[in-house]
Amino acid sequence: MTIKTGEGPDIRSSRLAQEEYSKNFGDIHPPLASHEAYVEADRCYFCYDAPCTVACPTSIDIPMFIRQISADNVKGAAKTIFEENILGGMCARVCPTETLCEQACVRQEAEGKPVKIGLLQRYATDHLLEEGDKVFERAALTGRKIAVVGAGPAGLSCAHRLAMHGHDVTVYDARKKAGGLNEYGIAAYKSVDNFAQREVEFLLSIGGITLELGKGLGKDLSLAELRQKYDAVFLGMGLAGVNALRAEGEDLEGVVDAVSYISDLRQSKDLSVLPVGRKVVVIGGGMTAVDAAVQSKLLGAEEVTILYRRGKEQMNASEYEQDLAQTKGVTIRHWVKPNRLIGVNGKVSAIECEYTENTSGSLKGTGETFTLNADMVFKAIGQNFIAAPLNGSAEVVELESGRIRVGEDRRTSLGDVWAGGDCIAGGEDLTVAAVEDGKVAAEAINAFLNA
Amino acid sequence: MADISSNFLGIKSPNPFWLASAPPTDKEYNVVRAYEAGWGGVVWKTLGENPHVVNVNGPRYGAIHGNDRRLLGLNNIELITDRSLEINLEEITRVKKNWPDRALIVSLMVPCEEQNWINILKRVEETGCDGIELNFGCPHGMSERGMGAAVGQVPEYVEMVTRWCKTHSDLPVIVKLTPNISDVRQSARAAHRGGADAVSLINTINSIVGVDLDLMAPTPTVDGKGTHGGYCGPAVKPIALNMVAEIARDPETQGLPISGIGGITTWKDAAEFMVLGSGNVQVCTAAMTYGFKIVTELAEGLSNWMDEKGYSSLDDFVGQAVPNVTDWKYLNLNYIAKASIDQDLCIKCGRCHIACEDTSHQAITATVDGVRKFEVIDDECVGCNLCVSVCPVEDCISMVQMTEGTDPRTNKPIDPSYANWTTHPNNPSAIKAAE
């Protein structure tokens with residue numbers, strides 16, 4: 001990211017007093033105290049074939065863990081969660097529960113107030129991480145070795161499950177830290193106190209998992225080499241590419257890729273040194289757009305506007321996230337697309353927008369335009385899979401719609417290679433879905449190795 | 001406005017709500033506060049002989065809570081008053097003089113010797129109190145010394161002491177019964193034979209309220225040890241209701257006035273005790289949980305209900321449900337009911353299904369045509385009401401009587417006539433009688 005402060009567009013750091021940063025980026029959902037958890041747990045009906053569990057991509061036995069909380073067995077509750085979702089702590093923080101378990105909760109139907117499953121899950125998992133109890137043991141060692149590419153939710157989930165089965169796992173990641181989007185994506189206020197790293201430590205405590213950081217596929221490693229060296233390979237490298245705006249002025253200074261800005265923010269030890277525009281425009285309609293917009297606002301931007309080319313219902317950001325953005329003072333404008341970015345001395349200063357409409361299934365500009373002043377423009381219109389690092393293999397991993405094609409068991413077109421997370425076709429852009437991919441693939445790999 | 005004033009054994013009070021003999025009625029200070037709050041009467045905490053008893057100096061209470069710390073049951077190991085007889089008598093005299101319109105009953109417990117009772121009765125009469133209640137119920141501490149429940153558990157003693165009191169005093173005598181017996185009617189009959197003007201029940205139930213799994217000792221724990229205490233509060237209400245009803249419908253004690261006690265927390269609880277034959281009610285745990293102010297809700301709620309039902313005085317409804325309490329053998333076996341689930345109210349939690357499927361009659365579906373749906377299978381439903389009991393939504397499942405056609409479970413036509421076990425062919429006694 002190259003942002004220079006000075007004349008022209010108003011982009012600068014230290015917009016706020018120091019204490020405001022810690023206040024703004026504090027935990028967005030303060031954890032439940034134990035009595036609150038008891039009371040909330042009491043609201044669970046312990047449904048038969050519980051709709052919440054059905055709605056959970058990792059099938060956590062939610063009524064069971066809530067009953068365990070209720071019965072003062074918090075450790076047992078955490079184990080119930082981790083058995084299905086080893087990243088249950090992060091998922092408790094970042095899952096769009098309002099469209100998953102909590103939407104399915106029968107209390108949602110009964111009274112519009114679901115049991116706070118996410119907060120209860122956090123209560124249980126936090127407890128276990130704080131106590132540091134060991135809940136998982138490895139099976140007898142098999143001597144089999146598996147390479148996992150990508151230390152994000154999919155890769156870590158896969159590695160943990162494989163380690164449980166007694167296999168030895170090496171996890172490679174191009175970045176300096178493990179955690180993937182848990183560490184580099186996700187708004188800071190959803191994962192405070194270095195939680196992503198603490199969770200990685202917890203996950204690794206099972207043993208048998210070696211992290212090889214700073215090693216990326218296509219640079220330091222090749223798939224062919226991994227396949228030769230290991231009994232199986234799991235690919236969970238996520239989406240490395242950022243979609244381009246394809247609008248005039250995209251290269252102007254001050255036009256920033258939201259994903260890397262969020263990453264910089266997450267890695268920043270002192271948020272006051274992070275420059276942010278006075279007037280910020282975010283282009284996109286997903287979680288990344290909301291995270292960039294809200295965090296800009298929290299860093300002290302005066303005006304933050306999200307431009308989305310379709311309507312509220314089509315936004316990938318959940319309704320909860322949209323509400324959060326608006327509560328934090330972000331304006332969301334629907335049915336608007338950027339036509340071109342206007343610059344002064346090579347720096348962005350405004351954005352020309354055009355209203356859009358959906359006529360007979362295709363989105364078109366109406367011709368009516370307006371101009372928004374902007375000191376900083378975030379691109380958050382999605383990411384794409386970069387297949388190049390896979391190339392050079394003797395055999396090619398087949399793709400589908402630009403991502404890796406997998407079967408039900410997350411096996412790729414190569415018999416000893418599995419994949420999961422955002423890099424696979426049909427990937428849902430959800431942490432919890434990536435965790436499930438990793439888990440399913442690990443079980444399939446285990447079965448393959450035992451066959 | 002309905003008249004909720006009460007006349008129990010000729011003792012008048014502005015409402016039927018008395019505070020039971022217990023910690024809330026141990027001192028003038030508390031009793032005056034209760035009267036100020038609107039309580040109709042109090043039964044003064046049990047007096048004993050000098051030297052007065054002592055209490056433990058550690059915890060006296062233990063509780064059962066719901067998840068939100070709602071107190072569901074309370075257990076205590078407190079003894080009778082631990083203040084001197086003189087101080088209590090002096091306070092009682094003063095309170096009665098200052099509050100002539102309120103009932104003031106004095107609870108008594110002395111050793112089982114006639115002279116001991118004669119002695120205390122004379123002194124109590126001088127206070128001007130409205131009556132006495134004989135504490136034959138306290139299940140802990142005092143019972144180890146041959147008093148309280150130790151008396152109440154022996155009908156002969158109940159009758160004997162009651163008779164002494166009736167012989168040596170003109171005050172109305174209420175005999176407070178212990179539930180820690182196998183058949184409460186035996187104690188009530190004994191009190192009746194002894195000439196009791198009324199019985200009051202229930203006293204507390206012997207209990208260990210919980211065990212501290214770290215200390216390996218019952219709670220409340222006094223220096224590492226615990227003892228059984230007396231259980232009370234909302235949890236004991238069903239037990240008390242049954243005992244009240246048993247006495248109310250017993251031909252031997254029919255008409256014997258009853259002061260109902262046991263977990264009364266709301267006006268509705270009180271009304272339930274009264275329709276089962278209690279002329280008035282006594283309250284303790286609810287006051288100890290929430291303070292004396294609750295009497296406002298009790299009185300106001302009862303009055304509103306009476307207005308709604310057209311009852312002008314307490315006598316209009318006291319005992320009204322007694323004729324409908326019967327023995328199992330007289331229940332109509334031709335009455336057929338089936339559960340019915342209101343699909344509009346159903347939130348699809350599936351509790352009815354799993355309860356029925358796992359533990360009962362396999363009479364509720366989980367899916368219909370592959371869709372999550374809970375429906376009663378009349379062919380299997382025995383009308384047991386378990387689904388109604390476990391359903392979290394009020395009125396979602398109801399029991400609907402079948403009045404015509406054939407019961408699909410038994411394939412027998414609905415018989416509109418009444419028939420009970422006494423005449424049922426499967427009843428060996430019935431067959432014998434027929435022969």
# chains A, B, ... in the order shown; residues from 1 in each chain; ligands from 1
$ residues_around --residues "range 107-121 of chain B" --least-positions-apart "6" --cutoff "6 Å" --atoms "only C-alpha atoms" --output "ChimeraX atom specification"
/B:44-48,132-135
$ interface_residues --of "chain B" --to "chain A" --cutoff "12 Å" --atoms "only C-alpha atoms" --output "ChimeraX atom specification"
/B:65-70,344-358,365-367,372-374,390-394,396
$ closest_residue --among "A:Leu141, A:Ala224, A:Ile209, A:Val74" --to "Val169 in chain A" --atoms "only C-alpha atoms"
A:Ile209
$ atom_distance --atom1 "CA of Leu100 in chain A" --atom2 "CA of Phe25 in chain A"
25.4 Å
$ atom_distance --atom1 "CA of Asp369 in chain B" --atom2 "CA of Asp395 in chain B"
25.5 Å
$ residues_around --residues "Val148 in chain A" --least-positions-apart "2" --cutoff "8 Å" --atoms "only C-alpha atoms" --output "list in words"
Ile146, Gly150, Ala151, Gly155, Cys158, Ala159, Val169, Thr170, Val171, Tyr172, Val233, Phe234, Leu235 and Gly236 of chain A
$ residues_around --residues "Leu314 in chain B" --least-positions-apart "5" --cutoff "9 Å" --atoms "only C-alpha atoms" --output "ChimeraX atom specification"
/B:2-6,16,274,279-280,306
$ select_by_dssp --residues "range 111-181 of chain B" --states "alpha helix (DSSP H)" --output "NGL selection string"
:B and (114-125 or 149-152 or 155-168)
$ decode --residues "range 116-196 of chain A" --atoms "C-alpha atoms" --output "compact mmCIF listing (two decimals), in the first residue's frame"
# COMPACT_ATOMS: atom_id res chain seq x y z
CA LYS A 116 -27.39 -16.26 21.73
CA ILE A 117 -25.60 -19.31 20.42
CA GLY A 118 -22.54 -17.41 19.21
CA LEU A 119 -21.94 -15.78 22.56
CA LEU A 120 -22.50 -19.06 24.41
CA GLN A 121 -20.05 -20.77 22.09
CA ARG A 122 -17.55 -18.05 22.82
CA TYR A 123 -18.17 -18.42 26.55
CA ALA A 124 -17.35 -22.12 26.42
CA THR A 125 -14.39 -21.94 24.05
CA ASP A 126 -12.82 -18.93 25.79
CA HIS A 127 -13.03 -20.81 29.04
CA LEU A 128 -11.13 -23.76 27.68
CA LEU A 129 -8.48 -21.65 25.97
CA GLU A 130 -7.94 -19.70 29.16
CA GLU A 131 -7.72 -22.81 31.30
CA GLY A 132 -5.41 -24.38 28.75
CA ASP A 133 -6.87 -27.84 29.32
CA LYS A 134 -5.93 -30.48 26.81
CA VAL A 135 -9.03 -32.11 25.40
CA PHE A 136 -7.71 -34.02 22.42
CA GLU A 137 -5.32 -36.91 22.31
CA ARG A 138 -3.61 -38.20 19.18
CA ALA A 139 -4.26 -41.72 18.02
CA ALA A 140 -1.29 -44.08 17.76
CA LEU A 141 1.23 -42.60 15.35
CA THR A 142 0.91 -43.89 11.81
CA GLY A 143 4.14 -42.58 10.36
CA ARG A 144 2.18 -41.13 7.43
CA LYS A 145 2.95 -37.58 6.37
CA ILE A 146 0.64 -35.01 4.89
CA ALA A 147 1.42 -31.57 3.51
CA VAL A 148 -1.08 -28.81 4.03
CA VAL A 149 -0.71 -25.68 1.92
CA GLY A 150 -2.17 -22.65 3.64
CA ALA A 151 -2.41 -22.12 7.40
CA GLY A 152 -5.88 -20.58 7.23
CA PRO A 153 -9.05 -22.04 8.71
CA ALA A 154 -9.30 -24.85 6.14
CA GLY A 155 -5.67 -25.90 6.42
CA LEU A 156 -5.53 -25.70 10.21
CA SER A 157 -8.77 -27.63 10.58
CA CYS A 158 -7.48 -30.30 8.25
CA ALA A 159 -4.11 -30.46 10.01
CA HIS A 160 -5.66 -30.85 13.43
CA ARG A 161 -7.95 -33.64 12.39
CA LEU A 162 -5.11 -35.46 10.65
CA ALA A 163 -2.89 -35.07 13.70
CA MET A 164 -5.70 -36.53 15.82
CA HIS A 165 -5.67 -39.59 13.58
CA GLY A 166 -1.98 -40.03 14.32
CA HIS A 167 -0.55 -38.63 11.10
CA ASP A 168 2.27 -36.11 10.95
CA VAL A 169 1.38 -32.87 9.24
CA THR A 170 3.47 -30.07 7.82
CA VAL A 171 1.58 -26.84 7.20
CA TYR A 172 3.10 -24.38 4.72
CA ASP A 173 2.05 -20.76 4.47
CA ALA A 174 3.50 -17.91 2.46
CA ARG A 175 2.81 -15.42 5.26
CA LYS A 176 4.81 -14.89 8.41
CA LYS A 177 2.00 -15.92 10.71
CA ALA A 178 -0.47 -18.77 10.70
CA GLY A 179 -4.20 -18.16 10.81
CA GLY A 180 -4.96 -16.99 7.28
CA LEU A 181 -7.89 -14.63 7.19
CA ASN A 182 -8.40 -15.11 10.93
CA GLU A 183 -5.08 -13.31 11.34
CA TYR A 184 -5.00 -11.07 8.28
CA GLY A 185 -8.63 -10.56 7.38
CA ILE A 186 -11.61 -9.93 9.68
CA ALA A 187 -12.22 -6.62 11.40
CA ALA A 188 -9.97 -6.03 14.37
CA TYR A 189 -12.86 -5.52 16.82
CA LYS A 190 -14.05 -9.07 16.17
CA SER A 191 -10.81 -10.66 17.25
CA VAL A 192 -9.13 -8.72 20.00
CA ASP A 193 -6.24 -9.63 22.26
CA ASN A 194 -4.36 -11.55 19.61
CA PHE A 195 -7.04 -14.22 19.65
CA ALA A 196 -6.16 -15.67 16.24
